[in-house]
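Remarks on the structure that follows.
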Amino acid sequence: MSLRGTALTAAALTLAATSVLACGSLETGDDRVNPERPTWLHRASGAMHLLFWRTLTASSQGEGEPFERGRPEIDAEHGRVFVGTRDHGLYALRAPDGSTLWRFETMGAVQSEPLYDAPLDVVYFGSNDGALYAVHASDGSLVWRYDSGAEVGRRPVLVGETLLFANAADNLFAIERRTGKSLWRVHRSPALGMEISGYAGPAVDHGVVFFAFSDGHVGAYGINDGNERWSPVDLSAEAEQTHGAEALRYLDVDTTPIPHDLGAQGRVVFVASFLGGVFALDQDRGAPVWKDEKVTGVTDLMLWTQPAHRPHPGSPEFAPGGPSVPPQEILLASSGGTGLWALEPSTGRTLWRVPIPEGGVTAPASIAGALMIGTTNYGAFLLSVRDGRPIDGFDLGSGFSQAPATFGNRAYVLSNAGTLISVQVDPPNGKSSVDDYAGTYF
């Protein structure tokens with residue numbers, strides 16, 4: 001990793017983490033790496049370059065275990081980044097250098113993913129104090145506070161004048177965007193079994209809100225009134241067929257649903273049961289279209305998409321005057337127990353898997369045609385979308401539980417020790433425009 005414009009030493013920011021993923025057996029056909037002398041053990045690709053780093057979390061005010069969760073929110077138009085920390089604060093930072101614009105303090109750790117509302121210049125974010133907040137993005141002054149009764153961590157969803165969000169007590173809320181006034185609420189009693197840490201957030205498609213619960217059910221609700229569109233589907237029953245009584249202990253569906261159009265197969269919603277695997281459910285009926293029970297322990301899903309594009313020079317697809325690379329779609333599943341999986345959205349077929357030796361893995365983020373992830377014990381990595389192979393990485397010694405936020409070729413990620421890192425990814429073909437990154441690492 002190239003360090004530009006900083007006195008940060010190589011000892012403080014190392015690439016030792018990269019060898020951990022490199023030494024693992026990647027399920028990518030005949031792609032193998034010498035585990036004794038991986039090619040990037042002493043020399044990385046140099047794809048990631050440090051822009052700045054700064055200590056953000058005030059350790060004296062830290063709450064709970066030493067982990068930072070959630071994900072930053074980027075306001076690219078105004079050059080701002082919003083980051084929550086376990087010291088009870090939401091920070092607004094200048095994107096170029098990470099300097100502080102303002103800080104808003106709550107009564108609990110802020111382990112959430114904020115949402116920036118550009119037309120109102122407002123930031124919505126949750127806190128472990130049980131509230132969802134709306135603050136002015138310009139100065140951090142409070143607009144309104146909605147007390148939900150349990151911690152709020154997942155990203156809210158804004159549809160018109162309605163703001164949807166969830167809390168850790170299996171509640172789905174719809175409130176007014178400008179005032180925080182309650183519109184409707186859906187609740188299911190939490191499961192009696194052992195719950196995994198984490199919970200789902202809402203997703204919206206064609207006027208329907210999809211949400212998942214800790215008792216293993218997935219539901220669909222009308223956005224205007226919260227009424228059921230179909231009876232909640234019990235994925236724990238599916239898990240029990242595979243895992244027996246063990247499934248009754250871990251019922252959770254903690255992944256935020258992902259609606260998607262599979263074309264001839266119709267519209268589906270992707271979800272993951274902790275022990276039951278990953279499912280594609282029919283949006284109209286909730287019936288499974290496909291499931292993959294091998295992919296267990298999933299806490300986050302992401303749909304990676306790439307438009308058709310001309311292959312970049314040096315790629316296997318490149319040929320003068322040759323055809324364009326067709327559009328690509330990959331469903332990515334993050335699991336602390338089984339690693340990072342890439343699945344074919346139409347069938348659930350495994351394309352590749354990167355096993356993580358121990359600890360968790362964050363939701364991935366797309367950057368410069370590649371993927372960026374954080375790992376609890378082994379630093380942050382840039383991975384190839386083609387096969388999951390590590391391209392570059394860095395390790396601060398404290399790991400990452402907060403997912404990276406990206407825009408174009410820049411990424412922001414907060415370590416578990418409260419250090420905010422900003423890196424730039426240089427594509428191999430030297431392109432610099434945000435619109436030119438399609439296919440650079442694919």
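We name chains A, B, ... following the order of the structure tokens; residues begin at 1 in each chain, and ligands are numbered from 1 as shown.
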| query | Skipping near chain neighbours, those fewer than 6 positions away, what residues fall within 12 Å of range 346-351 of chain A using only C-alpha atoms, listed as a count of residues only? | reply | 43
| field | Residues of range 170-399 of chain A in strand (DSSP E or B), written as a ChimeraX atom specification | value | /A:171-176,182-187,203-205,208-212,217-222,228-234,258-261,267-273,277-282,288-292,298-306,309,325,328-335,339-343,350-354,361,365-367,370-375,379-383,390-395
Include C-alpha atoms and write out the residues we just selected as a CSV table (one decimal), in the first residue's frame.
chain,number,residue,atom,x,y,z
A,171,ASN,CA,-40.5,-3.2,15.3
A,172,LEU,CA,-41.0,-1.7,11.9
A,173,PHE,CA,-42.0,2.0,11.9
A,174,ALA,CA,-43.3,4.4,9.4
A,175,ILE,CA,-43.1,8.1,10.4
A,176,GLU,CA,-43.4,11.5,8.7
A,182,SER,CA,-45.9,8.3,13.7
A,183,LEU,CA,-47.9,6.8,10.8
A,184,TRP,CA,-48.0,3.1,11.6
A,185,ARG,CA,-46.0,0.3,13.2
A,186,VAL,CA,-45.6,-3.5,12.7
A,187,HIS,CA,-44.4,-5.7,15.5
A,203,ALA,CA,-36.5,-2.4,2.0
A,204,VAL,CA,-39.1,-1.0,-0.4
A,205,ASP,CA,-40.1,-2.0,-3.9
A,208,VAL,CA,-44.3,-2.8,-0.6
A,209,VAL,CA,-42.1,-2.8,2.5
A,210,PHE,CA,-40.2,-6.0,3.1
A,211,PHE,CA,-38.9,-6.7,6.6
A,212,ALA,CA,-37.4,-9.7,8.5
A,217,HIS,CA,-40.2,-14.7,9.6
A,218,VAL,CA,-40.1,-12.4,6.6
A,219,GLY,CA,-43.1,-10.1,5.9
A,220,ALA,CA,-44.4,-7.8,3.2
A,221,TYR,CA,-46.5,-4.7,4.1
A,222,GLY,CA,-48.2,-1.9,2.3
A,228,GLU,CA,-49.8,-7.4,5.3
A,229,ARG,CA,-49.5,-8.2,1.6
A,230,TRP,CA,-48.9,-11.8,2.3
A,231,SER,CA,-48.7,-13.9,5.5
A,232,PRO,CA,-45.1,-13.8,7.0
A,233,VAL,CA,-43.0,-16.6,5.7
A,234,ASP,CA,-41.3,-18.8,8.4
A,258,ILE,CA,-32.9,-6.9,-1.2
A,259,PRO,CA,-35.7,-6.6,-3.8
A,260,HIS,CA,-34.7,-7.5,-7.3
A,261,ASP,CA,-36.1,-8.2,-10.8
A,267,ARG,CA,-39.5,-10.0,-9.0
A,268,VAL,CA,-37.9,-11.5,-5.9
A,269,VAL,CA,-36.6,-10.4,-2.5
A,270,PHE,CA,-33.3,-11.9,-1.3
A,271,VAL,CA,-33.0,-12.7,2.4
A,272,ALA,CA,-30.9,-14.9,4.6
A,273,SER,CA,-31.7,-17.1,7.6
A,277,GLY,CA,-29.2,-20.2,4.3
A,278,VAL,CA,-29.9,-17.7,1.6
A,279,PHE,CA,-33.4,-17.4,-0.1
A,280,ALA,CA,-34.9,-15.7,-3.1
A,281,LEU,CA,-38.6,-15.2,-2.3
A,282,ASP,CA,-41.3,-14.4,-4.8
A,288,PRO,CA,-39.2,-19.6,-2.2
A,289,VAL,CA,-37.9,-19.3,-5.8
A,290,TRP,CA,-34.6,-20.9,-4.8
A,291,LYS,CA,-32.6,-21.4,-1.6
A,292,ASP,CA,-29.0,-22.3,-0.8
A,298,VAL,CA,-25.1,-14.6,7.0
A,299,THR,CA,-25.5,-11.1,8.5
A,300,ASP,CA,-25.5,-8.9,5.4
A,301,LEU,CA,-26.4,-9.2,1.8
A,302,MET,CA,-25.4,-7.0,-1.2
A,303,LEU,CA,-26.4,-7.1,-4.8
A,304,TRP,CA,-23.4,-6.1,-7.0
A,305,THR,CA,-24.3,-4.9,-10.4
A,306,GLN,CA,-22.2,-3.7,-13.4
A,309,HIS,CA,-18.9,-2.0,-20.9
A,325,VAL,CA,-18.6,-7.3,-21.6
A,328,GLN,CA,-23.1,-8.6,-14.6
A,329,GLU,CA,-25.0,-9.2,-11.3
A,330,ILE,CA,-23.7,-11.0,-8.2
A,331,LEU,CA,-25.4,-11.5,-4.9
A,332,LEU,CA,-22.8,-11.2,-2.1
A,333,ALA,CA,-23.4,-12.8,1.4
A,334,SER,CA,-21.2,-11.9,4.4
A,335,SER,CA,-20.9,-14.5,7.1
A,339,GLY,CA,-16.8,-16.2,4.9
A,340,LEU,CA,-17.8,-14.1,1.9
A,341,TRP,CA,-19.9,-15.8,-0.7
A,342,ALA,CA,-20.7,-14.7,-4.3
A,343,LEU,CA,-23.9,-16.3,-5.6
A,350,THR,CA,-22.0,-20.5,-5.7
A,351,LEU,CA,-19.6,-18.5,-7.9
A,352,TRP,CA,-16.8,-18.3,-5.4
A,353,ARG,CA,-16.2,-18.1,-1.6
A,354,VAL,CA,-13.5,-16.5,0.5
A,361,VAL,CA,-16.6,-9.9,7.9
A,365,ALA,CA,-18.8,-2.0,-0.7
A,366,SER,CA,-18.3,-1.6,-4.4
A,367,ILE,CA,-15.3,0.6,-5.4
A,370,ALA,CA,-13.7,-4.1,-7.1
A,371,LEU,CA,-15.0,-4.9,-3.6
A,372,MET,CA,-13.9,-3.5,-0.2
A,373,ILE,CA,-14.6,-5.4,3.0
A,374,GLY,CA,-13.5,-5.1,6.6
A,375,THR,CA,-12.7,-8.1,8.9
A,379,GLY,CA,-7.9,-5.6,8.6
A,380,ALA,CA,-9.6,-4.3,5.4
A,381,PHE,CA,-9.2,-5.7,1.9
A,382,LEU,CA,-9.8,-4.9,-1.7
A,383,LEU,CA,-11.1,-8.0,-3.5
A,390,PRO,CA,-7.2,-10.2,-2.6
A,391,ILE,CA,-5.9,-7.2,-4.6
A,392,ASP,CA,-4.6,-5.1,-1.7
A,393,GLY,CA,-5.2,-4.7,2.1
A,394,PHE,CA,-4.1,-3.0,5.3
A,395,ASP,CA,-4.3,-3.7,9.0
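Residues surrounding Asn409 in chain A within 6 Å are A:Ile367, A:Ala368, A:Gln424, A:Val425 [only C-alpha atoms; sequence separation below 4 positions excluded].
Using only C-alpha atoms, the shortest contact distance between Leu142 in chain A and any of A:Thr55, A:Asn416, A:Thr106, A:Ser99 is found at A:Thr106.
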| request: Fewer than 3 positions away in the same chain doesn't count, so skip those; otherwise give me all residues within 8 Å of range 81-90 of chain A, counting only C-alpha atoms, as a ChimeraX atom specification. | output: /A:57-64,67-75,93-95,103-114,127,418
Restrict the selected residues to N, CA, C and O atoms and save them as a tab-separated table (two decimals), in the first residue's frame.
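Saved file selection.tsv follows:
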chain	number	residue	atom	x	y	z
A	57	THR	N	-13.07	8.41	17.57
A	57	THR	CA	-13.82	8.05	18.77
A	57	THR	C	-13.09	8.53	20.02
A	57	THR	O	-11.88	8.28	20.18
A	58	ALA	N	-13.79	9.20	20.91
A	58	ALA	CA	-13.24	9.60	22.20
A	58	ALA	C	-13.32	8.40	23.13
A	58	ALA	O	-14.40	8.01	23.58
A	59	SER	N	-12.17	7.77	23.40
A	59	SER	CA	-12.15	6.53	24.17
A	59	SER	C	-12.73	6.71	25.57
A	59	SER	O	-13.29	5.78	26.15
A	60	SER	N	-12.61	7.91	26.13
A	60	SER	CA	-13.13	8.15	27.48
A	60	SER	C	-14.64	8.07	27.53
A	60	SER	O	-15.22	7.85	28.61
A	61	GLN	N	-15.30	8.23	26.38
A	61	GLN	CA	-16.76	8.19	26.33
A	61	GLN	C	-17.28	6.92	25.65
A	61	GLN	O	-18.48	6.79	25.43
A	62	GLY	N	-16.38	6.01	25.31
A	62	GLY	CA	-16.80	4.79	24.62
A	62	GLY	C	-17.73	3.95	25.46
A	62	GLY	O	-17.62	3.88	26.68
A	63	GLU	N	-18.67	3.31	24.78
A	63	GLU	CA	-19.68	2.50	25.46
A	63	GLU	C	-19.65	1.08	24.93
A	63	GLU	O	-19.54	0.86	23.72
A	64	GLY	N	-19.75	0.10	25.84
A	64	GLY	CA	-19.88	-1.30	25.41
A	64	GLY	C	-18.56	-1.88	24.93
A	64	GLY	O	-17.47	-1.40	25.23
A	67	PHE	N	-16.03	-2.23	19.64
A	67	PHE	CA	-16.34	-2.43	18.22
A	67	PHE	C	-17.07	-1.20	17.70
A	67	PHE	O	-17.87	-0.60	18.41
A	68	GLU	N	-16.77	-0.83	16.46
A	68	GLU	CA	-17.51	0.25	15.79
A	68	GLU	C	-18.29	-0.39	14.65
A	68	GLU	O	-17.71	-0.99	13.76
A	69	ARG	N	-19.61	-0.24	14.69
A	69	ARG	CA	-20.46	-0.86	13.68
A	69	ARG	C	-21.19	0.20	12.87
A	69	ARG	O	-21.01	1.38	13.08
A	70	GLY	N	-22.01	-0.26	11.93
A	70	GLY	CA	-22.72	0.67	11.06
A	70	GLY	C	-21.96	0.88	9.77
A	70	GLY	O	-21.24	0.02	9.26
A	71	ARG	N	-22.08	2.08	9.21
A	71	ARG	CA	-21.39	2.46	7.98
A	71	ARG	C	-21.47	3.98	7.83
A	71	ARG	O	-22.51	4.56	8.13
A	72	PRO	N	-20.41	4.65	7.37
A	72	PRO	CA	-20.51	6.09	7.13
A	72	PRO	C	-21.50	6.39	6.00
A	72	PRO	O	-21.81	5.53	5.18
A	73	GLU	N	-21.95	7.62	5.96
A	73	GLU	CA	-22.79	8.13	4.87
A	73	GLU	C	-22.06	9.28	4.19
A	73	GLU	O	-21.50	10.17	4.86
A	74	ILE	N	-22.03	9.26	2.86
A	74	ILE	CA	-21.28	10.26	2.09
A	74	ILE	C	-22.25	11.22	1.40
A	74	ILE	O	-23.16	10.80	0.70
A	75	ASP	N	-22.05	12.50	1.62
A	75	ASP	CA	-22.72	13.55	0.87
A	75	ASP	C	-21.70	14.10	-0.12
A	75	ASP	O	-20.92	15.02	0.20
A	93	LEU	N	-17.94	15.33	8.95
A	93	LEU	CA	-16.54	15.58	8.65
A	93	LEU	C	-16.39	16.11	7.23
A	93	LEU	O	-17.21	15.81	6.36
A	94	ARG	N	-15.34	16.86	6.99
A	94	ARG	CA	-14.99	17.27	5.64
A	94	ARG	C	-14.40	16.07	4.91
A	94	ARG	O	-13.44	15.45	5.38
A	95	ALA	N	-14.96	15.76	3.75
A	95	ALA	CA	-14.53	14.57	3.02
A	95	ALA	C	-13.06	14.60	2.59
A	95	ALA	O	-12.40	13.56	2.63
A	103	ARG	N	-20.42	17.86	15.76
A	103	ARG	CA	-20.68	16.58	16.42
A	103	ARG	C	-21.99	16.70	17.18
A	103	ARG	O	-22.20	17.69	17.89
A	104	PHE	N	-22.86	15.71	17.03
A	104	PHE	CA	-24.13	15.68	17.76
A	104	PHE	C	-24.07	14.52	18.75
A	104	PHE	O	-23.79	13.38	18.36
A	105	GLU	N	-24.34	14.80	20.00
A	105	GLU	CA	-24.26	13.76	21.04
A	105	GLU	C	-25.63	13.23	21.40
A	105	GLU	O	-26.58	13.99	21.59
A	106	THR	N	-25.71	11.88	21.52
A	106	THR	CA	-26.94	11.22	21.95
A	106	THR	C	-26.70	10.61	23.33
A	106	THR	O	-25.63	10.77	23.92
A	107	MET	N	-27.67	9.85	23.80
A	107	MET	CA	-27.55	9.23	25.11
A	107	MET	C	-27.08	7.78	25.03
A	107	MET	O	-27.11	7.04	26.01
A	108	GLY	N	-26.65	7.35	23.83
A	108	GLY	CA	-26.13	6.00	23.66
A	108	GLY	C	-25.17	5.95	22.50
A	108	GLY	O	-24.99	6.92	21.76
A	109	ALA	N	-24.52	4.80	22.34
A	109	ALA	CA	-23.60	4.63	21.22
A	109	ALA	C	-24.34	4.78	19.90
A	109	ALA	O	-25.50	4.36	19.77
A	110	VAL	N	-23.68	5.38	18.92
A	110	VAL	CA	-24.26	5.53	17.59
A	110	VAL	C	-23.57	4.49	16.69
A	110	VAL	O	-22.48	4.73	16.17
A	111	GLN	N	-24.20	3.34	16.55
A	111	GLN	CA	-23.66	2.23	15.78
A	111	GLN	C	-24.55	1.97	14.57
A	111	GLN	O	-24.89	0.83	14.26
A	112	SER	N	-24.90	3.05	13.88
A	112	SER	CA	-25.89	2.96	12.81
A	112	SER	C	-25.31	3.43	11.49
A	112	SER	O	-24.20	3.97	11.43
A	113	GLU	N	-26.10	3.25	10.45
A	113	GLU	CA	-25.78	3.80	9.13
A	113	GLU	C	-26.72	4.96	8.87
A	113	GLU	O	-27.92	4.77	8.69
A	114	PRO	N	-26.20	6.19	8.87
A	114	PRO	CA	-27.07	7.34	8.66
A	114	PRO	C	-27.64	7.37	7.24
A	114	PRO	O	-27.16	6.69	6.33
A	127	SER	N	-29.61	5.55	17.30
A	127	SER	CA	-28.71	5.45	18.44
A	127	SER	C	-29.12	4.26	19.30
A	127	SER	O	-30.27	3.82	19.28
A	418	GLY	N	-11.51	3.16	16.67
A	418	GLY	CA	-11.98	4.51	16.47
A	418	GLY	C	-11.14	5.36	15.55
A	418	GLY	O	-11.23	6.59	15.58
| Length of the CA of Ser236 in chain A to CA of Gly216 in chain A vector [Å] | 5.0 Å
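Atom to atom, CA of Gly408 in chain A and CA of Glu77 in chain A stand 12.7 Å apart.
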| task | List the neighbours of Arg410 in chain A out to 6 Å using only C-alpha atoms; skip same-chain residues closer than 3 positions along the sequence, and give me the result as a ChimeraX atom specification. | result | /A:406-407,423-424
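Proximity ranking of A:Tyr133, A:Tyr199, A:Phe52, A:Tyr124 relative to Arg154 in chain A places A:Tyr199 first, based on only C-alpha atoms.
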| All residues 7 Å or closer to Ala308 in chain A, only C-alpha atoms, same chain fewer than 5 positions away omitted, as a ChimeraX atom specification | /A:324-327
| Given the choices A:Glu65, A:Pro320, A:Trp102, A:Ser141, which gets closest to Ser401 in chain A if the distance is worked out from only C-alpha atoms? | A:Glu65
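Counting from CA of Gln283 in chain A, the distance to CA of Asp254 in chain A is 18.5 Å.
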